[in-house]
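*Asks:* The structure is given below, and queries will be raised subsequently.
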Amino acid sequence: MDRIIQTLVDAISVGGLYALTALGIGLIFGVMRLINFAHGELIMIAGYAILLMFGLPLWLVVAGALAAALVLALAIERAAFRPIREADPPTLLISSFAVSFFLQKTMILFVGSRPKGVDFLAVLARQVEIAGARLQLLQIVTIVVSAVLLVGLTWFLKATRLGLEMRAAAENFSMAQVLGVRANRVIATAFAISAVLAAVVACLFVAQTGLVQPRMGLQLVVIAFVGTVIGGLGSLPGAALGGFLVGAATILLQALLPPDLRVFREAFVFVAVALVLLFRPQGIIPAHGLKERI
Amino acid sequence: MTGTGEMAPLLDVRGLDVRYGAITAIHGVDLHIHAGEIVAIVGPNGAGKTSLLSAIAGLVKPVAGTISLAGKSLAEVGLENVVRHGVAMVPEGRNIFASLTVLENLQLGATIRRDDAVAGDMEGFFSTFPVLGERRNQPAGLLSGGEQQMLAIARALLSRPRLLMLDEPSLGLAPRIVEQVYEELERIRKDGITILVVEQNASRAFGLADRAYIMSHGAFTLSGTPEALRAHEDFDAAYFGVSVTGDSPKSWSGGA
Amino acid sequence: MNIEVRTSAGSATAFLKGEVLRRLWPLLCLAVLVLAIGLLADLAPTVLQRRITQGLIYLVAVVGLYVFVGNSGVLSFGHVAFMAIGAYVSALLTMSVAAKGVFLPDLPIWLKSAEWAPLAAAFVGGAVAAVVALVVGFPLMRLSGISAGIATFAILVVTYVVIGNWSSVTGGQNSLMGLPIYVGPWTATAGALAAVGIAFAFQESRSALLLRASREDEAAAAASGVNMVRHRIGAFVISAFLSGVSGVLLAHFLGTVRVETFYLDLTFLIIAMLVIGGMRSLTGAVAGAVVISALTELLRQAEVGFQISGTTVAAPGGLGDVVLALLMLLIIVFRPKGIAGGREVSWPFRT
């Protein structure tokens with residue numbers, strides 16, 4: 001029984017992490033129809049910020065991670081994505097890929113490609129006992145933080161002016177502009193929020209793995225992409241749900257598959273994804289207005 | 001009776017050319033609208049009516065020509081700022097935000113407003129259109145076609161525009177609903193707002209407008225008062241058109 | 001295309017021949033270019049020869065990717081997976097029994113004892129890749145452009161995970177060595193010529209024309225009844241075959257296969273070659289492969305360093321990748337259609 005609880009908590013905690021990552025990607029896609037491959041590099045830079053500032057008080061380290069991700073996100077938006085804002089989807093996709101590759105390789109140029117260990121938030125590695133199951137404090141924190149951020153983001157989108165403008169822009173960008181909504185403001189906000197999400201994910205992920213490396217964002221982002229596709233591209237609840245489900249699935253499969261097949265669990269996840277797409281290509285929670293044009 | 005005053009026009013479009021790649025949508029269009037007028041532009045599908053409105057609204061950049069509102073050029077203003085200069089548009093197909101509530105749609109209409117009268121204006125719309133008031137917290141996608149059209153108009157009016165442009169407001173609506181929409185436009189005119197209506201359906205637009213232009217194949221072929229145009233012997237030819245002659249539109253005032 | 005029958009004798013056939021020549025002109029130009037590169041490789045010193053040969057192999061891969069991307073307009077991040085499949089299948093079929101005993105002791109008997117001829121194994125490698133593309137294509141090609149592109153990324157990852165962990169059959173993360181090395185400059189040239197020929201033939205076909213016409217507007221295409229899914233799958237399968245063959249060539253050029261080779265770095269390289277050359281034309285694909293191969297060679301030299309008055313001046317390791325990514329971004333922003341601008345080699349004479 002406690003094994004089941006442990007696995008469930010594990011699944012929910014990992015699912016939460018991937019849900020946050022998928023949201024970061026989904027937000028940008030919603031307003032710009034751009035898949036931000038470089039989201040992984042936002043997580044990466046936040047991770048290296050943690051490495052750099054390790055030893056300083058916690059709030060400073062987290063602030064440093066946030067700042068690093070924010071600066072990089074806004075720089076990417078300004079330098080790489082704004083000039084091509086009107087381009088067609090394949091061009092946007094490749095540019096995003098190129099930006100991601102560029103950032104990764106530049107990082108490797110400066111710090112090398114070997115992983116570096118960092119004992120971040122070691123205090124959370126402690127175990128607590130709940131209902132007879134031994135759970136890691138970090139997992140509980142991950143679940144709580146994910147939930148808080150999800151609620152916070154939902155509130156922001158529903159209750160604030162900027163959130164309203166973002167939702168409008170996501171449904172029909174040019175109509176929003178015709179009403180006077182400023183494109184740059186909305187897009188910059190999307191990038192900023194996505195940077196915050198990336199920094200939080202980085203903190204939790206580094207705490208969990210104890211490692212920082214140039215490729216660290218990749219694993220999270222690959223699964224998160226798939227999650228956004230399943231959940232429904234352009235739909236934020238869909239992205240969160242899809243990311244959560246796929247993330248949780250990797251853990252559940254680990255527990256449910258026979259030992260020989262466990263290494264293939266990612267393959268199983270992706271195959272399951274393909275099946276979902278086969279029967280419901282628009283995703284679980286389809287977005288409104290994906291084909292809208294004035 | 002010419003129907004035009006001696007003052008400068010509110011909207012002044014000259015020599016407008018709009019192209020999409022190799023396709024010329026509009027060629028050499030001159031349009032002027034005076035404050036308080038209702039002008040209709042009528043023509044078949046593909047005549048270039050939507051392109052004209054899109055160019056004025058800033059959705060598409062013309063390759064030649066000028067567009068000015070009250071003397072100020074709208075050309076370099078940018079899509080997001082056209083509404084700040086006083087031009088509001090209700091595009092074809094309404095384009096309300098289906099996933100947002102009725103209230104949220106209206107709030108977006110007030111994006112450029114900084115004053116306190118917004119809430120009062122909204123209440124005004126809710127009393128004029130009780131349906132919108134009842135459904136203010138429901139997703140706008142649940143409204144009927146006619147209700148969405150009213151919402152789109154109310155949304156556009158919330159920016160307190162000087163010029164309201166409507167692209168085919170009767171499209172896809174039952175005749176009874178079209179009546180309601182046009183009655184609303186009559187009411188708006190009494191508030192002093194200048195209106196530019198684009199329609200395929202000439203008759204209803206003619207009933208509303210002070211002046212009208214016939215557009216065909218990217219250019220104006222005739223212009224004048226609705227009565228004069230209806231009586232004009234070349235009306236059908238002008239409406240369905242053959243080719244762009246490059247001549248300036250024949251102005252028919254049918255009288256003095 | 002109307003063929004005018006003129007009154008003066010002989011000019012009708014001349015006209016016909018002229019038309020044929022004009023239509024085949026891009027193919028002829030590219031074939032001559034490839035042959036010239038092959039000749040260059042043959043004459044070059046050993047190290048350079050190896051680099052050029054590898055460039056020709058990459059050309060096959062880029063052309064393979066182009067057949068799908070250029071015609072359907074859907075970006076694929078998964079084609080390197082087909083290279084991997086082709087490479088591994090051919091490796092398994094051609095490795096000596098002795099080598100298999102060393103590296104893959106747990107292989108099923110029928111595979112373990114197989115020692116096929118290179119050409120057959122190469123063909124089967126490509127064919128298996130094509131079959132995988134067919135199976136995977138059915139669900140994926142129904143997706144809209146962006147989702148399909150992302151889903152192809154999943155193909156890459158799944159293939160990487162499966163090959164990387166199926167140790168009994170593939171050796172997992174370890175290299176498989178002892179593959180017969182039969183790919184030299186002329187084999188690579190032959191492969192490149194064949195790839196260019198197949199790609200050209202395909203893009204002139206009705207299926208490809210329909211694909212390209214409906215590429216711009218999915219809604220319009222669906223409305224006009226064109227079964228885009230079927231045509232997309234067709235392009236996908238052919239392009240997978242070519243990619244598979246390029247994987248085969250790479251495997252039998254290096255003499256080893258390792259799953260790590262067939263992942264993100266190679267994916268980026270191939271895509272960069274196609275984007276920089278121009279995604280919309282075969283000329284673009286070839287141009288991209290040639291230009292980027294030359295550039296990476298230069299950059300590699302820079303990383304090795306030059307001798308200047310006794311000291312070695314070298315660029316930091318990894319600079320090549322950064323430059324490549326930067327170049328790709330610059331092209332996208334300033335010349336999005338790539339070097340070839342979406343056009344084929346143009347007929348230089350007046351009609």
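Going through the structure tokens in order, the chains are called A, B, and so on, while each chain numbers its residues from 1 and the ligands are numbered from 1 in the order shown.
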Could you name the residues that touch Ala49 (chain A) at 10 Å or less, counting only C-alpha atoms, but leaving out those on the same chain fewer than 6 positions away, as a ChimeraX atom specification?
*Replies:* /A:43,61-69,199,202-203,212
*Asks:* Which residues are near Gly178 (chain C)? Cut-off 8 Å, only C-alpha atoms, ignore same chain within fewer than 6 positions. Put them as an NGL selection string.
*Replies:* :C and (95-96 or 99 or 255-256)
*Asks:* Would you save the residues from that selection as a tab-separated table (two decimals), in the first residue's frame, using N, CA and C atoms?
*Replies:*
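So selection_25.tsv came out as:
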chain	number	residue	atom	x	y	z
C	95	MET	N	27.64	-7.44	-40.83
C	95	MET	CA	28.76	-7.69	-39.92
C	95	MET	C	29.19	-9.14	-40.00
C	96	SER	N	30.49	-9.37	-39.88
C	96	SER	CA	30.95	-10.74	-39.95
C	96	SER	C	30.43	-11.51	-38.75
C	99	ALA	N	32.50	-10.97	-35.73
C	99	ALA	CA	32.29	-9.70	-35.04
C	99	ALA	C	31.01	-9.73	-34.24
C	255	GLY	N	32.63	2.39	-40.77
C	255	GLY	CA	32.97	1.07	-40.31
C	255	GLY	C	32.40	0.75	-38.94
C	256	THR	N	31.80	1.76	-38.29
C	256	THR	CA	31.14	1.49	-37.01
C	256	THR	C	29.80	2.21	-36.98
*Asks:* Could you tell me which residues of chain B sit within 10 Å of chain A when counting only C-alpha atoms, and give me the result as a PyMOL selection string?
*Replies:* chain B and resi 54+57-59+78-84+87-100+104-105+107-113+141+155-156+158-159
*Asks:* Write out as JSON, numbers by chain all residues of region 15-244 of chain B that backbone DSSP assigns to strand (DSSP E or B).
*Replies:* {"B": [15, 16, 17, 18, 19, 20, 23, 24, 25, 26, 27, 28, 29, 30, 31, 32, 33, 38, 39, 40, 41, 42, 64, 65, 66, 67, 68, 69, 72, 73, 87, 88, 89, 90, 101, 139, 163, 164, 165, 166, 167, 194, 195, 196, 197, 198, 199, 211, 212, 213, 214, 215, 216, 219, 220, 221, 222, 223, 224]}
*Asks:* So that I can see what lies close to Lys49 (chain B), please list as a list in words the residues with an atom at most 10 Å from it, counting only C-alpha atoms and leaving out residues fewer than 4 positions away in the same chain.
*Replies:*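 Final neighbour list, sorted by chain and number: Ala25, Ile26, Ile41, Val42, Gly43, Pro44, Asn45, Leu53, Ser54, Ala55, Asp167, Glu168, Val197, Val198, Glu199, Gln200, Ile214, Met215, Ser216, His217, Gly218, Ala219 and Phe220 of chain B.
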*Asks:* Please dump the current selection as a compact mmCIF listing (two decimals), in the first residue's frame; keep C-alpha atoms.
*Replies:*
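Output (result-v2.txt):
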# COMPACT_ATOMS: atom_id res chain seq x y z
CA ALA B 25 -7.02 43.97 -54.81
CA ILE B 26 -7.61 47.71 -54.96
CA ILE B 41 -19.71 50.64 -50.12
CA VAL B 42 -21.49 48.02 -52.09
CA GLY B 43 -20.22 45.39 -54.45
CA PRO B 44 -19.98 41.70 -55.17
CA ASN B 45 -17.59 39.23 -53.62
CA LEU B 53 -11.44 48.39 -44.83
CA SER B 54 -8.40 46.33 -43.91
CA ALA B 55 -6.12 48.98 -45.35
CA ASP B 167 -17.68 44.77 -42.90
CA GLU B 168 -20.80 42.98 -44.10
CA VAL B 197 -20.72 50.16 -44.02
CA VAL B 198 -19.58 47.60 -46.53
CA GLU B 199 -22.16 45.20 -47.90
CA GLN B 200 -22.86 42.78 -50.69
CA ILE B 214 -20.30 50.91 -55.99
CA MET B 215 -17.12 48.87 -56.00
CA SER B 216 -16.14 46.32 -58.57
CA HIS B 217 -12.86 44.66 -59.49
CA GLY B 218 -10.88 46.77 -57.10
CA ALA B 219 -12.16 50.22 -57.98
CA PHE B 220 -15.17 52.47 -57.50
